Structure formats: C-alpha cells, structure tokens
file upload.txt (compact mmCIF, N, CA and C atoms)
# COMPACT_ATOMS: atom_id res chain seq x y z
N MET A 1452 47.83 94.89 109.53
CA MET A 1452 46.44 94.65 109.27
C MET A 1452 46.26 93.95 107.91
N ILE A 1453 47.09 94.30 106.94
CA ILE A 1453 47.00 93.66 105.62
C ILE A 1453 47.28 92.18 105.74
N ALA A 1454 48.34 91.84 106.45
CA ALA A 1454 48.71 90.42 106.61
C ALA A 1454 47.63 89.66 107.38
N ALA A 1455 47.10 90.24 108.42
CA ALA A 1455 46.08 89.58 109.23
C ALA A 1455 44.82 89.32 108.40
N THR A 1456 44.43 90.28 107.58
CA THR A 1456 43.26 90.11 106.73
C THR A 1456 43.49 89.01 105.70
N ALA A 1457 44.70 88.98 105.13
CA ALA A 1457 45.02 87.94 104.15
C ALA A 1457 45.00 86.55 104.78
N VAL A 1458 45.59 86.40 105.95
CA VAL A 1458 45.61 85.10 106.63
C VAL A 1458 44.20 84.68 107.00
N ALA A 1459 43.41 85.59 107.53
CA ALA A 1459 42.05 85.27 107.96
C ALA A 1459 41.16 84.83 106.79
N ASN A 1460 41.45 85.34 105.61
CA ASN A 1460 40.64 85.02 104.44
C ASN A 1460 41.32 84.06 103.49
N ASP A 1461 42.44 83.47 103.94
CA ASP A 1461 43.20 82.51 103.14
C ASP A 1461 43.56 83.06 101.77
N LEU A 1462 44.07 84.30 101.75
CA LEU A 1462 44.46 84.98 100.52
C LEU A 1462 45.96 85.28 100.55
N PRO A 1463 46.59 85.34 99.39
CA PRO A 1463 47.99 85.74 99.35
C PRO A 1463 48.12 87.27 99.39
N VAL A 1464 49.30 87.73 99.73
CA VAL A 1464 49.62 89.16 99.68
C VAL A 1464 50.58 89.36 98.52
N TYR A 1465 50.24 90.22 97.60
CA TYR A 1465 51.11 90.58 96.48
C TYR A 1465 51.82 91.87 96.85
N THR A 1466 53.15 91.86 96.80
CA THR A 1466 53.90 93.02 97.24
C THR A 1466 55.23 93.14 96.51
N CYS A 1467 55.70 94.36 96.41
CA CYS A 1467 57.04 94.63 95.87
C CYS A 1467 58.09 94.52 96.97
N ASN A 1468 57.66 94.39 98.21
CA ASN A 1468 58.55 94.31 99.36
C ASN A 1468 58.24 93.07 100.20
N PRO A 1469 58.52 91.88 99.68
CA PRO A 1469 58.17 90.66 100.40
C PRO A 1469 58.89 90.50 101.74
N VAL A 1470 60.04 91.11 101.88
CA VAL A 1470 60.79 91.01 103.14
C VAL A 1470 60.00 91.65 104.30
N ASP A 1471 59.16 92.61 103.98
CA ASP A 1471 58.35 93.27 105.01
C ASP A 1471 57.42 92.29 105.72
N PHE A 1472 57.14 91.14 105.09
CA PHE A 1472 56.20 90.18 105.66
C PHE A 1472 56.89 88.93 106.18
N ASP A 1473 58.21 88.94 106.24
CA ASP A 1473 58.95 87.80 106.79
C ASP A 1473 58.52 87.53 108.24
N GLY A 1474 58.42 86.27 108.58
CA GLY A 1474 58.12 85.90 109.96
C GLY A 1474 56.65 85.83 110.30
N ILE A 1475 55.78 86.05 109.35
CA ILE A 1475 54.35 85.96 109.62
C ILE A 1475 53.89 84.57 109.19
N ASP A 1476 53.59 83.74 110.18
CA ASP A 1476 53.19 82.36 109.93
C ASP A 1476 51.90 82.30 109.12
N ASP A 1477 51.82 81.32 108.25
CA ASP A 1477 50.63 81.03 107.44
C ASP A 1477 50.32 82.07 106.37
N LEU A 1478 51.19 83.05 106.19
CA LEU A 1478 50.95 84.06 105.17
C LEU A 1478 51.66 83.66 103.88
N ARG A 1479 50.90 83.68 102.79
CA ARG A 1479 51.47 83.41 101.46
C ARG A 1479 51.80 84.75 100.82
N VAL A 1480 53.08 84.95 100.53
CA VAL A 1480 53.54 86.21 99.95
C VAL A 1480 53.98 85.96 98.51
N VAL A 1481 53.48 86.80 97.60
CA VAL A 1481 53.85 86.72 96.19
C VAL A 1481 54.64 87.98 95.87
N ALA A 1482 55.89 87.79 95.48
CA ALA A 1482 56.74 88.94 95.13
C ALA A 1482 56.37 89.45 93.75
N VAL A 1483 56.19 90.75 93.65
CA VAL A 1483 55.86 91.40 92.39
C VAL A 1483 57.10 92.17 91.95
N PRO A 1484 57.65 91.84 90.77
CA PRO A 1484 58.85 92.56 90.32
C PRO A 1484 58.53 94.02 90.00
N VAL A 1485 59.52 94.85 90.23
CA VAL A 1485 59.38 96.28 89.96
C VAL A 1485 60.22 96.63 88.75
N GLU A 1486 59.60 97.27 87.79
CA GLU A 1486 60.33 97.70 86.61
C GLU A 1486 61.11 98.96 86.96
N GLN A 1487 62.41 98.92 86.73
CA GLN A 1487 63.25 100.08 87.01
C GLN A 1487 63.16 101.07 85.88
N ARG A 1488 62.91 102.31 86.19
CA ARG A 1488 62.84 103.36 85.16
C ARG A 1488 64.20 104.04 85.06
N SER A 1489 64.56 104.40 83.87
CA SER A 1489 65.82 105.11 83.69
C SER A 1489 65.58 106.60 83.97
N ALA A 1490 66.66 107.31 84.26
CA ALA A 1490 66.57 108.75 84.53
C ALA A 1490 66.13 109.51 83.30
N GLU A 1491 66.28 108.91 82.12
CA GLU A 1491 65.94 109.57 80.87
C GLU A 1491 64.49 109.37 80.47
N SER A 1492 63.74 108.61 81.25
CA SER A 1492 62.36 108.31 80.90
C SER A 1492 61.50 109.57 80.97
N PRO A 1493 60.68 109.82 79.95
CA PRO A 1493 59.82 111.02 79.97
C PRO A 1493 58.70 110.94 80.99
N ASP A 1494 58.45 109.74 81.56
CA ASP A 1494 57.38 109.59 82.54
C ASP A 1494 57.78 110.03 83.93
N ASN A 1495 59.05 110.35 84.15
CA ASN A 1495 59.51 110.74 85.50
C ASN A 1495 59.11 112.13 85.83
call {"tool": "encode", "arguments": {"input": "upload.txt", "output": "structure tokens"}}
result
Amino acid sequence: MIAATAVANDLPVYTCNPVDFDGIDDLRVVAVPVEQRSAESPDN
C-alpha cells in the first residue's frame, strides 16, 4: 500500500530497506542509511 500510494502521487519512498521495494515499476526509492549503535551505547 505504501508503494502504491507513492506511485499514485508521484512521490519517492524513503526506506532503510530499499530491497523490499525491488521490482515495483515507476517507484522511486531513496535509501536511508542506518547508524549502527555499539553494544556499549547508553541508549540501548
């Protein structure tokens, strides 16, 4: 549904998982990099 809405409205999809949208014609996918957290990070 996300891809269909983006195509219908001529919008890109921003995602951390661009492979999930492979094979969808006319869809513009923008890969968003994911910052890797270390195991020592206090935010975990």
call {"tool": "residues_around", "arguments": {"input": "upload.txt", "residues": "Val1458 (chain A)", "least_positions_apart": "5", "cutoff": "8 Å", "atoms": "only N, CA and C atoms", "output": "list of chain:residue names"}}
result
A:Met1452, A:Ile1453, A:Pro1463, A:Val1464, A:Asp1476, A:Asp1477, A:Leu1478, A:Arg1479
call {"tool": "residues_around", "arguments": {"input": "upload.txt", "residues": "Thr1466 (chain A)", "least_positions_apart": "4", "cutoff": "5 Å", "atoms": "all atoms listed in the file", "output": "PDB file with N, CA and C atoms, in the coordinates of the input"}}
result
ATOM      1  N   VAL A1481      53.480  86.800  97.600  1.00  0.00           N
ATOM      2  CA  VAL A1481      53.850  86.720  96.190  1.00  0.00           C
ATOM      3  C   VAL A1481      54.640  87.980  95.870  1.00  0.00           C
ATOM      4  N   ALA A1482      55.890  87.790  95.480  1.00  0.00           N
ATOM      5  CA  ALA A1482      56.740  88.940  95.130  1.00  0.00           C
ATOM      6  C   ALA A1482      56.370  89.450  93.750  1.00  0.00           C
ATOM      7  N   VAL A1483      56.190  90.750  93.650  1.00  0.00           N
ATOM      8  CA  VAL A1483      55.860  91.400  92.390  1.00  0.00           C
ATOM      9  C   VAL A1483      57.100  92.170  91.950  1.00  0.00           C
TER      10      VAL A1483
END
call {"tool": "atom_distance", "arguments": {"input": "upload.txt", "atom1": "atom N of Val1470 (chain A)", "atom2": "atom N of Ala1457 (chain A)"}}
result
15.8 Å
call {"tool": "select_by_dssp", "arguments": {"input": "upload.txt", "residues": "region 1452-1490 of chain A", "states": "alpha helix (DSSP H)", "output": "VMD selection string"}}
result
chain A and resid 1453 to 1459
call {"tool": "atom_distance", "arguments": {"input": "upload.txt", "atom1": "CA of Cys1467 (chain A)", "atom2": "CA of Ala1454 (chain A)"}}
result
14.2 Å
call {"tool": "select_by_dssp", "arguments": {"input": "upload.txt", "residues": "chain A", "states": "strand (DSSP E or B)", "output": "list of chain:residue names"}}
result
A:Val1464, A:Tyr1465, A:Thr1466, A:Val1480, A:Val1481, A:Ala1482
call {"tool": "decode", "arguments": {"input": "upload.txt", "residues": "chain A", "atoms": "C-alpha atoms", "output": "PDB file, in the first residue's frame"}}
result
ATOM      1  CA  MET A1452       0.000   0.000   0.000  1.00  0.00           C
ATOM      2  CA  ILE A1453       2.905   2.366   0.726  1.00  0.00           C
ATOM      3  CA  ALA A1454       4.408   1.819  -2.718  1.00  0.00           C
ATOM      4  CA  ALA A1455       1.045   2.175  -4.472  1.00  0.00           C
ATOM      5  CA  THR A1456       0.337   5.454  -2.690  1.00  0.00           C
ATOM      6  CA  ALA A1457       3.787   6.790  -3.573  1.00  0.00           C
ATOM      7  CA  VAL A1458       3.428   5.862  -7.258  1.00  0.00           C
ATOM      8  CA  ALA A1459      -0.095   7.288  -7.473  1.00  0.00           C
ATOM      9  CA  ASN A1460       1.072  10.601  -6.013  1.00  0.00           C
ATOM     10  CA  ASP A1461       4.423  10.699  -7.837  1.00  0.00           C
ATOM     11  CA  LEU A1462       6.345  10.631  -4.541  1.00  0.00           C
ATOM     12  CA  PRO A1463       9.511   8.777  -3.561  1.00  0.00           C
ATOM     13  CA  VAL A1464       9.655   6.204  -0.778  1.00  0.00           C
ATOM     14  CA  TYR A1465      12.364   6.757   1.828  1.00  0.00           C
ATOM     15  CA  THR A1466      13.371   3.499   3.475  1.00  0.00           C
ATOM     16  CA  CYS A1467      16.147   1.707   5.315  1.00  0.00           C
ATOM     17  CA  ASN A1468      15.216  -1.436   3.363  1.00  0.00           C
ATOM     18  CA  PRO A1469      15.227  -0.482  -0.336  1.00  0.00           C
ATOM     19  CA  VAL A1470      15.420  -4.128  -1.425  1.00  0.00           C
ATOM     20  CA  ASP A1471      11.872  -4.578  -0.100  1.00  0.00           C
ATOM     21  CA  PHE A1472      10.658  -2.414  -2.996  1.00  0.00           C
ATOM     22  CA  ASP A1473      12.625  -4.069  -5.812  1.00  0.00           C
ATOM     23  CA  GLY A1474      10.549  -4.858  -8.871  1.00  0.00           C
ATOM     24  CA  ILE A1475       7.919  -2.166  -8.415  1.00  0.00           C
ATOM     25  CA  ASP A1476       7.781  -0.248 -11.685  1.00  0.00           C
ATOM     26  CA  ASP A1477       7.727   3.558 -11.584  1.00  0.00           C
ATOM     27  CA  LEU A1478       8.586   3.672  -7.879  1.00  0.00           C
ATOM     28  CA  ARG A1479      11.415   5.986  -6.819  1.00  0.00           C
ATOM     29  CA  VAL A1480      13.178   4.547  -3.782  1.00  0.00           C
ATOM     30  CA  VAL A1481      15.577   6.590  -1.655  1.00  0.00           C
ATOM     31  CA  ALA A1482      17.823   4.532   0.604  1.00  0.00           C
ATOM     32  CA  VAL A1483      18.217   5.963   4.091  1.00  0.00           C
ATOM     33  CA  PRO A1484      21.428   4.903   5.856  1.00  0.00           C
ATOM     34  CA  VAL A1485      21.093   3.376   9.300  1.00  0.00           C
ATOM     35  CA  GLU A1486      23.504   4.391  12.010  1.00  0.00           C
ATOM     36  CA  GLN A1487      24.835   1.301  13.750  1.00  0.00           C
ATOM     37  CA  ARG A1488      24.826   1.536  17.535  1.00  0.00           C
ATOM     38  CA  SER A1489      27.502  -0.135  19.562  1.00  0.00           C
ATOM     39  CA  ALA A1490      26.626  -2.545  22.369  1.00  0.00           C
ATOM     40  CA  GLU A1491      28.194  -0.067  24.797  1.00  0.00           C
ATOM     41  CA  SER A1492      25.811   2.753  23.892  1.00  0.00           C
ATOM     42  CA  PRO A1493      23.794   4.012  26.899  1.00  0.00           C
ATOM     43  CA  ASP A1494      20.758   4.495  24.624  1.00  0.00           C
ATOM     44  CA  ASN A1495      20.242   0.728  24.170  1.00  0.00           C
TER      45      ASN A1495
END
